[in-house]
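Novice: Dropping a structure here in structure tokens format, bear with me for questions.
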Amino acid sequence: MSLSKVFRSAALAAVILAASSSASMAFERVEQPSSIPGAGPWDEKAWNDYYSVSQGSRLIPWNWIKALKQVDGQPFLADGFARYGYLANPASPTPGAPVGFVVADGVFGPTCAACHTRQIEVEGKAYRIDGGPSFADIGALWADLDTAVGKVLADTTAFSEFAKAVVGNAYDPQKEIKLRAEVDLWHARHHAITDKGLPKDRPWGAGRIDAVGMILNRVTGLDIGPGPTHMIPENMRKADAPVRPPFLWNAPRQDHTQWLGFADNGDRILAMSRNVGQVYGVFGELFPEKDASHLLGFNYVKSNSVDFKGLIELERLTERIGPPKWPWPVDITLAGRGKLIYQRPYEEGGCADCHGVDQGQPRLLNPETWCTPVQDVGTDAREYQYFAPDWKVDTGVLTGAAIPFVSPPLEKTDAPVSVLATATRGAMLQHFMPFTMDAPERQRADVALALMQPLIEELKGVFKIPGTPGAGRWACRRAPETDGKIRYEARVLQGVWAAAPYLHNASVPSLAELLKPPQERVNDFKVGPAYDISAVGLAAQQKPSAFPMKTDCDRGSGVSHCGHDFGTALSAADKRALLEYLKTL
């Protein structure tokens, strides 16, 4: 069975979604006032910009995908990707593009909102939650696009029809030959990462993506090899540790980010670095090259697709997205009891020690961050495979690349996260400090480096190997230390009701289920937009086409629902009270 068929059959929800689904139905917006002082309102202009500002992702040229057909002969863009769970965007500046997809410089690609916009349904009514983890199946889209382009390339007649649709009235055979070379190159790269990166036996499914795995695959496998493909295929491995995209509200305040907590965070310098790395993972292009005329000895920006201006705007917009307010009635008395339980010490079933607001590590541009505990609580370990000491990659064109005062030169073979960190730091420094080695510019560079030493020092915390000090360590005052090494971040729980399924790998469908002892949690549920306001999470009854999620208690499986047994010993009455309070956060 082809990879595309595997993804479509396993993610049937994404394939069959029709106009009656939450992807296109009328919806009510959940109130989301920003909790960050001075960020500005979350209003119509803000959310429309959030849906369509480019970040520099380059999935496929717009004229190509407009001309492309699905395997059944329908236009690839026929339903605005509703079949993959993406949401309609009638206000898009590009008609037909869904929420979170944009055309920039003639190239179609995703932006933040594609993975971070949610819609849930209760009693036939849809509710939009901006910044929430989406239910989209990007893996199925990825695989289907590979199949569709491969089919066109395999059929001379089909390619000629495709070429005429792309070129239009200016068509001539020579242009078709030129286009064929361009499509061949695009498909060689896209097919390589599809074949080597997407898992065939257990697709990601709705609402999950192995972002870390694919970021490392793209940077080390597609961007640092010799031209024209720039590939080093042997650097890529199966990205088979998918996680639920995190919710974005309050993310700018966290002092660490990524599920493994391996990226320092908390101000706009560090926000830019995490966002640059994220663009590399979702179809961004880097293509660095050695260049002795540049201060760093490499040119990180000449062919870099990252839209720095767009990322600055998107981060400002993210600061405006507040925790969603529960839109249904709450039992205030019961919630009051639940608040007392929430505030208990963690040993007594409370939550606030790890998930409450606490002073975080001060950052250069923001001394008031929120502490983000990074702890081992027994949850799934598979994502840590990317930081195994024995996984080394060929550093290609970046062999010897170093960032002064921050990171040593890359070895011929090195850790993939070190390659990512160097590529991110280099692009940021070169974009904002575009100095060459010419004598007058070198003088200005020396002055700038001296003045910006604190900023450069802060970059030590960009994509560090989990557990290393980075730019320094900050112990949360209330959160307990844990002995294990499989550590994940603990977010402040504001708006957590809108983020099901739970745990980093989306293995528990509701908060009610999470409060059960791990061995009693369900190991088979459907992932879809139907929401249960009593269980506070995914409803048990979803559309027949919803993605089937099967879990276990094998810590290395990627789908373990075990671990995080806090609160499981509470009485049934206390659990109900705690759930009622969590609705109010």
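Each chain of the structure tokens is named A, B, ... in the order shown, its residues numbered from 1; ligands are numbered from 1 in display order.
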Write out as a list in words each polymer residue whose atoms come within 9 Å of Ala335 in chain A, counting only C-alpha atoms; drop sequence neighbours fewer than 6 positions from it.
Specialist: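 The residues satisfying every condition are Arg576, Ala577, Leu578, Leu579, Glu580, Tyr581, Leu582, Lys583 and Thr584 of chain A.
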Novice: List every residue of range 213-314 of chain A that has an atom at most 10 Å from any atom of range 32-38 of chain A, giving for each one its closest atom pair and the distance in Å to one decimal, counting only C-alpha atoms, sorted by chain and then by ascending residue number, as CSV.
Specialist:
```
residue,atom,partner,partner_atom,distance
A:Trp249,CA,A:Ser34,CA,8.1
A:Asn250,CA,A:Ser35,CA,7.3
A:Pro252,CA,A:Ile36,CA,8.9
A:Arg253,CA,A:Ile36,CA,8.3
```
Novice: So, with only C-alpha atoms as the atoms that count, which of A:Leu455, A:Ala251, A:Leu514, A:Cys553 lies closest to Gly567 in chain A?
Specialist: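 Closest candidate: A:Leu514.
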Novice: What is the distance between CA of Ala88 in chain A and CA of Ser134 in chain A, in Å to one decimal?
Specialist: 12.8 Å
Novice: Go ahead and compute the interatomic distance for CA of His431 in chain A and CA of Leu296 in chain A, in Å to one decimal.
Specialist: 11.8 Å
Novice: Nearest residue to Ala498 in chain A out of A:Phe432, A:Tyr127, A:Tyr280, A:Trp47, using only C-alpha atoms?
Specialist: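 Comparing A:Phe432, A:Tyr127, A:Tyr280, A:Trp47 against Ala498 in chain A, the winner is A:Tyr127.
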Novice: Name the residues in contact with Thr413 in chain A at a cut-off of 12 Å, using only C-alpha atoms, excluding same-chain residues fewer than 2 positions from it; report them as an mmCIF file with all heavy atoms, in the first residue's frame.
Specialist:
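What follows is the written file out.cif:
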```
data_model
loop_
_atom_site.group_PDB
_atom_site.id
_atom_site.type_symbol
_atom_site.label_atom_id
_atom_site.label_comp_id
_atom_site.auth_asym_id
_atom_site.auth_seq_id
_atom_site.Cartn_x
_atom_site.Cartn_y
_atom_site.Cartn_z
ATOM 1 N N THR A 220 18.728 19.187 8.293
ATOM 2 C CA THR A 220 19.915 18.369 8.040
ATOM 3 C C THR A 220 19.813 17.531 6.773
ATOM 4 O O THR A 220 20.839 17.168 6.196
ATOM 5 C CB THR A 220 20.194 17.429 9.235
ATOM 6 O OG1 THR A 220 19.149 16.434 9.328
ATOM 7 C CG2 THR A 220 20.273 18.201 10.530
ATOM 8 N N ASN A 235 20.803 11.688 6.318
ATOM 9 C CA ASN A 235 20.599 12.405 7.578
ATOM 10 C C ASN A 235 19.162 12.295 8.093
ATOM 11 O O ASN A 235 18.899 12.601 9.253
ATOM 12 C CB ASN A 235 20.934 13.891 7.414
ATOM 13 C CG ASN A 235 22.422 14.172 7.473
ATOM 14 O OD1 ASN A 235 23.219 13.286 7.785
ATOM 15 N ND2 ASN A 235 22.805 15.402 7.170
ATOM 16 N N PRO A 389 22.500 10.372 22.204
ATOM 17 C CA PRO A 389 23.902 10.740 21.950
ATOM 18 C C PRO A 389 24.488 10.102 20.701
ATOM 19 O O PRO A 389 25.411 10.653 20.092
ATOM 20 C CB PRO A 389 24.618 10.244 23.212
ATOM 21 C CG PRO A 389 23.566 10.157 24.258
ATOM 22 C CD PRO A 389 22.306 9.798 23.535
ATOM 23 N N ASP A 390 23.941 8.945 20.299
ATOM 24 C CA ASP A 390 24.524 8.256 19.141
ATOM 25 C C ASP A 390 23.942 8.713 17.808
ATOM 26 O O ASP A 390 24.369 8.230 16.752
ATOM 27 C CB ASP A 390 24.362 6.744 19.280
ATOM 28 C CG ASP A 390 22.896 6.325 19.361
ATOM 29 O OD1 ASP A 390 22.032 7.197 19.570
ATOM 30 O OD2 ASP A 390 22.609 5.114 19.223
ATOM 31 N N TRP A 391 22.955 9.636 17.819
ATOM 32 C CA TRP A 391 22.442 10.132 16.536
ATOM 33 C C TRP A 391 23.249 11.337 16.094
ATOM 34 O O TRP A 391 23.115 12.422 16.647
ATOM 35 C CB TRP A 391 20.956 10.486 16.610
ATOM 36 C CG TRP A 391 20.402 10.820 15.234
ATOM 37 C CD1 TRP A 391 20.891 10.384 14.040
ATOM 38 C CD2 TRP A 391 19.297 11.659 14.913
ATOM 39 N NE1 TRP A 391 20.155 10.897 12.991
ATOM 40 C CE2 TRP A 391 19.161 11.685 13.504
ATOM 41 C CE3 TRP A 391 18.391 12.395 15.678
ATOM 42 C CZ2 TRP A 391 18.171 12.415 12.851
ATOM 43 C CZ3 TRP A 391 17.402 13.116 15.029
ATOM 44 C CH2 TRP A 391 17.288 13.122 13.627
ATOM 45 N N LYS A 392 24.087 11.121 15.117
ATOM 46 C CA LYS A 392 24.895 12.181 14.532
ATOM 47 C C LYS A 392 24.558 12.296 13.051
ATOM 48 O O LYS A 392 24.171 11.312 12.408
ATOM 49 C CB LYS A 392 26.388 11.887 14.686
ATOM 50 C CG LYS A 392 26.847 11.649 16.128
ATOM 51 C CD LYS A 392 26.787 12.918 16.958
ATOM 52 C CE LYS A 392 27.366 12.667 18.348
ATOM 53 N NZ LYS A 392 27.261 13.871 19.208
ATOM 54 N N VAL A 393 24.693 13.489 12.506
ATOM 55 C CA VAL A 393 24.421 13.705 11.093
ATOM 56 C C VAL A 393 25.624 14.353 10.419
ATOM 57 O O VAL A 393 26.462 14.982 11.072
ATOM 58 C CB VAL A 393 23.178 14.606 10.893
ATOM 59 C CG1 VAL A 393 21.921 13.941 11.404
ATOM 60 C CG2 VAL A 393 23.371 15.973 11.560
ATOM 61 N N ASP A 394 25.697 14.183 9.118
ATOM 62 C CA ASP A 394 26.699 14.860 8.300
ATOM 63 C C ASP A 394 26.322 16.340 8.254
ATOM 64 O O ASP A 394 25.217 16.699 7.825
ATOM 65 C CB ASP A 394 26.686 14.238 6.903
ATOM 66 C CG ASP A 394 27.701 14.853 5.953
ATOM 67 O OD1 ASP A 394 28.256 15.927 6.256
ATOM 68 O OD2 ASP A 394 27.921 14.265 4.874
ATOM 69 N N THR A 395 27.229 17.201 8.688
ATOM 70 C CA THR A 395 26.905 18.631 8.766
ATOM 71 C C THR A 395 27.071 19.356 7.438
ATOM 72 O O THR A 395 26.827 20.565 7.355
ATOM 73 C CB THR A 395 27.741 19.323 9.852
ATOM 74 O OG1 THR A 395 29.141 19.115 9.590
ATOM 75 C CG2 THR A 395 27.399 18.775 11.223
ATOM 76 N N GLY A 396 27.489 18.638 6.398
ATOM 77 C CA GLY A 396 27.474 19.194 5.052
ATOM 78 C C GLY A 396 28.196 20.513 4.928
ATOM 79 O O GLY A 396 29.316 20.699 5.421
ATOM 80 N N VAL A 397 27.521 21.458 4.294
ATOM 81 C CA VAL A 397 28.122 22.764 4.048
ATOM 82 C C VAL A 397 28.389 23.521 5.345
ATOM 83 O O VAL A 397 29.219 24.440 5.374
ATOM 84 C CB VAL A 397 27.220 23.594 3.107
ATOM 85 C CG1 VAL A 397 25.944 24.031 3.812
ATOM 86 C CG2 VAL A 397 27.950 24.819 2.572
ATOM 87 N N LEU A 398 27.737 23.140 6.433
ATOM 88 C CA LEU A 398 27.924 23.849 7.709
ATOM 89 C C LEU A 398 29.052 23.268 8.561
ATOM 90 O O LEU A 398 29.245 23.699 9.703
ATOM 91 C CB LEU A 398 26.619 23.842 8.513
ATOM 92 C CG LEU A 398 25.515 24.768 8.014
ATOM 93 C CD1 LEU A 398 24.294 24.693 8.916
ATOM 94 C CD2 LEU A 398 26.008 26.219 7.940
ATOM 95 N N THR A 399 29.804 22.324 8.041
ATOM 96 C CA THR A 399 30.950 21.810 8.788
ATOM 97 C C THR A 399 31.876 22.975 9.150
ATOM 98 O O THR A 399 32.266 23.761 8.287
ATOM 99 C CB THR A 399 31.728 20.774 7.955
ATOM 100 O OG1 THR A 399 30.860 19.682 7.646
ATOM 101 C CG2 THR A 399 32.926 20.257 8.736
ATOM 102 N N GLY A 400 32.208 23.096 10.415
ATOM 103 C CA GLY A 400 33.065 24.176 10.878
ATOM 104 C C GLY A 400 32.342 25.449 11.252
ATOM 105 O O GLY A 400 32.959 26.390 11.785
ATOM 106 N N PRO A 409 32.559 25.341 16.776
ATOM 107 C CA PRO A 409 32.376 24.888 15.394
ATOM 108 C C PRO A 409 31.716 23.519 15.325
ATOM 109 O O PRO A 409 31.984 22.638 16.144
ATOM 110 C CB PRO A 409 33.811 24.833 14.853
ATOM 111 C CG PRO A 409 34.599 25.740 15.731
ATOM 112 C CD PRO A 409 33.973 25.642 17.085
ATOM 113 N N LEU A 410 30.847 23.339 14.342
ATOM 114 C CA LEU A 410 30.239 22.038 14.112
ATOM 115 C C LEU A 410 31.287 21.070 13.590
ATOM 116 O O LEU A 410 32.088 21.402 12.708
ATOM 117 C CB LEU A 410 29.097 22.148 13.100
ATOM 118 C CG LEU A 410 27.839 22.906 13.540
ATOM 119 C CD1 LEU A 410 26.884 23.080 12.358
ATOM 120 C CD2 LEU A 410 27.141 22.190 14.693
ATOM 121 N N GLU A 411 31.282 19.855 14.125
ATOM 122 C CA GLU A 411 32.157 18.805 13.625
ATOM 123 C C GLU A 411 31.623 18.283 12.296
ATOM 124 O O GLU A 411 30.506 18.583 11.889
ATOM 125 C CB GLU A 411 32.222 17.673 14.651
ATOM 126 C CG GLU A 411 32.703 18.095 16.031
ATOM 127 C CD GLU A 411 34.190 18.419 16.066
ATOM 128 O OE1 GLU A 411 34.907 18.036 15.110
ATOM 129 O OE2 GLU A 411 34.630 19.067 17.037
ATOM 130 N N ALA A 415 25.517 16.479 16.405
ATOM 131 C CA ALA A 415 24.125 16.280 16.796
ATOM 132 C C ALA A 415 23.215 17.128 15.914
ATOM 133 O O ALA A 415 23.508 18.303 15.655
ATOM 134 C CB ALA A 415 23.937 16.667 18.262
ATOM 135 N N PRO A 416 22.110 16.567 15.433
ATOM 136 C CA PRO A 416 21.215 17.355 14.564
ATOM 137 C C PRO A 416 20.693 18.616 15.232
ATOM 138 O O PRO A 416 20.517 19.646 14.566
ATOM 139 C CB PRO A 416 20.086 16.371 14.232
ATOM 140 C CG PRO A 416 20.204 15.256 15.205
ATOM 141 C CD PRO A 416 21.628 15.191 15.608
ATOM 142 N N VAL A 417 20.436 18.585 16.539
ATOM 143 C CA VAL A 417 19.942 19.791 17.202
ATOM 144 C C VAL A 417 21.010 20.877 17.230
ATOM 145 O O VAL A 417 20.689 22.075 17.211
ATOM 146 C CB VAL A 417 19.429 19.468 18.629
ATOM 147 C CG1 VAL A 417 20.567 19.139 19.575
ATOM 148 C CG2 VAL A 417 18.609 20.628 19.187
ATOM 149 N N SER A 418 22.294 20.498 17.210
ATOM 150 C CA SER A 418 23.363 21.499 17.145
ATOM 151 C C SER A 418 23.386 22.176 15.782
ATOM 152 O O SER A 418 23.665 23.375 15.675
ATOM 153 C CB SER A 418 24.713 20.848 17.441
ATOM 154 O OG SER A 418 24.746 20.321 18.754
ATOM 155 N N VAL A 419 23.091 21.400 14.726
ATOM 156 C CA VAL A 419 22.994 21.984 13.385
ATOM 157 C C VAL A 419 21.831 22.976 13.338
ATOM 158 O O VAL A 419 21.958 24.094 12.821
ATOM 159 C CB VAL A 419 22.813 20.890 12.320
ATOM 160 C CG1 VAL A 419 22.678 21.510 10.932
ATOM 161 C CG2 VAL A 419 23.979 19.913 12.354
#
```
Novice: Check range 96-278 of chain A with DSSP on the backbone and list each residue it calls helix (DSSP H, G or I), as a PyMOL selection string.
Specialist: chain A and resi 112-115+138-153+156-170+173-197+211-222+233-235+251-253+268-278
Novice: How far is it from CA of Ala97 in chain A to CA of Val30 in chain A, in Å with one decimal?
Specialist: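 CA of Val30 in chain A lies at a distance of 22.9 Å from CA of Ala97 in chain A.
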Novice: Give me the residues near Val377 in chain A as an MDAnalysis selection string, where near means some atom within 9 Å (using only C-alpha atoms) and where sequence neighbours in that chain fewer than 3 positions away do not count.
Specialist: chainID A and resid 482 484 486:488 563:565
Novice: If you take only C-alpha atoms and a cut-off of 8 Å, which residues of range 51-140 of chain A touch range 526-544 of chain A, and what are their nearest atom pairs and distances in Å to one decimal, in chain and number order, as a Markdown table?
Specialist:
```
| residue | atom | partner | partner_atom | distance |
| --- | --- | --- | --- | --- |
| A:Gln119 | CA | A:Pro529 | CA | 6.5 |
| A:Ile120 | CA | A:Pro529 | CA | 4.4 |
| A:Glu121 | CA | A:Ala530 | CA | 4.8 |
| A:Val122 | CA | A:Tyr531 | CA | 5.7 |
| A:Phe135 | CA | A:Gly528 | CA | 6.7 |
```
Novice: Keeping C-alpha atoms for every residue in the selection just given, could you write it to a file as a PDB file, in the first residue's frame?
Specialist:
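Output file part.pdb follows:
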```pdb
ATOM      1  CA  GLN A 119     -13.039  24.546  16.203  1.00  0.00           C
ATOM      2  CA  ILE A 120     -15.163  22.377  18.498  1.00  0.00           C
ATOM      3  CA  GLU A 121     -18.827  21.400  18.391  1.00  0.00           C
ATOM      4  CA  VAL A 122     -21.439  21.099  21.140  1.00  0.00           C
ATOM      5  CA  PHE A 135      -7.586  18.915  14.383  1.00  0.00           C
TER       6      PHE A 135
END
```
Novice: Point out the residue among A:Ile177, A:Leu515, A:Leu270, A:Cys371 with the least atom-to-atom distance to Arg425 in chain A, counting only C-alpha atoms.
Specialist: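 Of the candidates, the smallest distance to Arg425 in chain A is held by A:Leu270.
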Novice: Tell me, as a ChimeraX atom specification, which residues lie within 8 Å of His116 in chain A, counting only C-alpha atoms; anything in the same chain fewer than 2 positions away does not count.
Specialist: /A:112-114,118,130-134,245-248
Novice: Please write the residues from the selection above to a file, keeping C-alpha atoms, as a compact mmCIF listing (two decimals), in the first residue's frame.
Specialist:
```txt
# COMPACT_ATOMS: atom_id res chain seq x y z
CA CYS A 112 1.05 29.66 12.40
CA ALA A 113 -2.74 29.46 12.29
CA ALA A 114 -2.75 26.25 10.23
CA ARG A 118 -9.33 25.04 16.71
CA ASP A 130 -7.84 30.89 18.04
CA GLY A 131 -4.43 29.68 19.14
CA GLY A 132 -5.80 26.27 20.07
CA PRO A 133 -4.33 23.05 18.64
CA SER A 134 -6.01 22.23 15.35
CA PRO A 245 0.52 21.23 18.80
CA PRO A 246 0.61 23.34 21.97
CA PHE A 247 -1.90 26.11 22.61
CA LEU A 248 -0.46 29.56 21.88
```
Novice: In range 23-249 of chain A, what's strand (DSSP E or B) per DSSP? Answer as JSON, numbers by chain?
Specialist: {"A": [27, 28, 29, 60, 61, 69, 75, 101, 102, 103, 104, 107, 108, 109, 110, 117, 118, 119, 120, 121, 122, 125, 126, 127, 128, 129, 130, 209, 243]}
Novice: Tell me, counting only C-alpha atoms, for each residue of range 185-226 of chain A within 8 Å of range 285-293 of chain A, which pair of atoms is nearest and how far apart they are in Å to one decimal, in rows ordered by chain and increasing number, as a tab-separated table.
Specialist:
```
residue	atom	partner	partner_atom	distance
A:Val219	CA	A:Leu286	CA	7.4
A:Asp223	CA	A:Phe287	CA	4.9
A:Ile224	CA	A:Phe287	CA	6.0
```
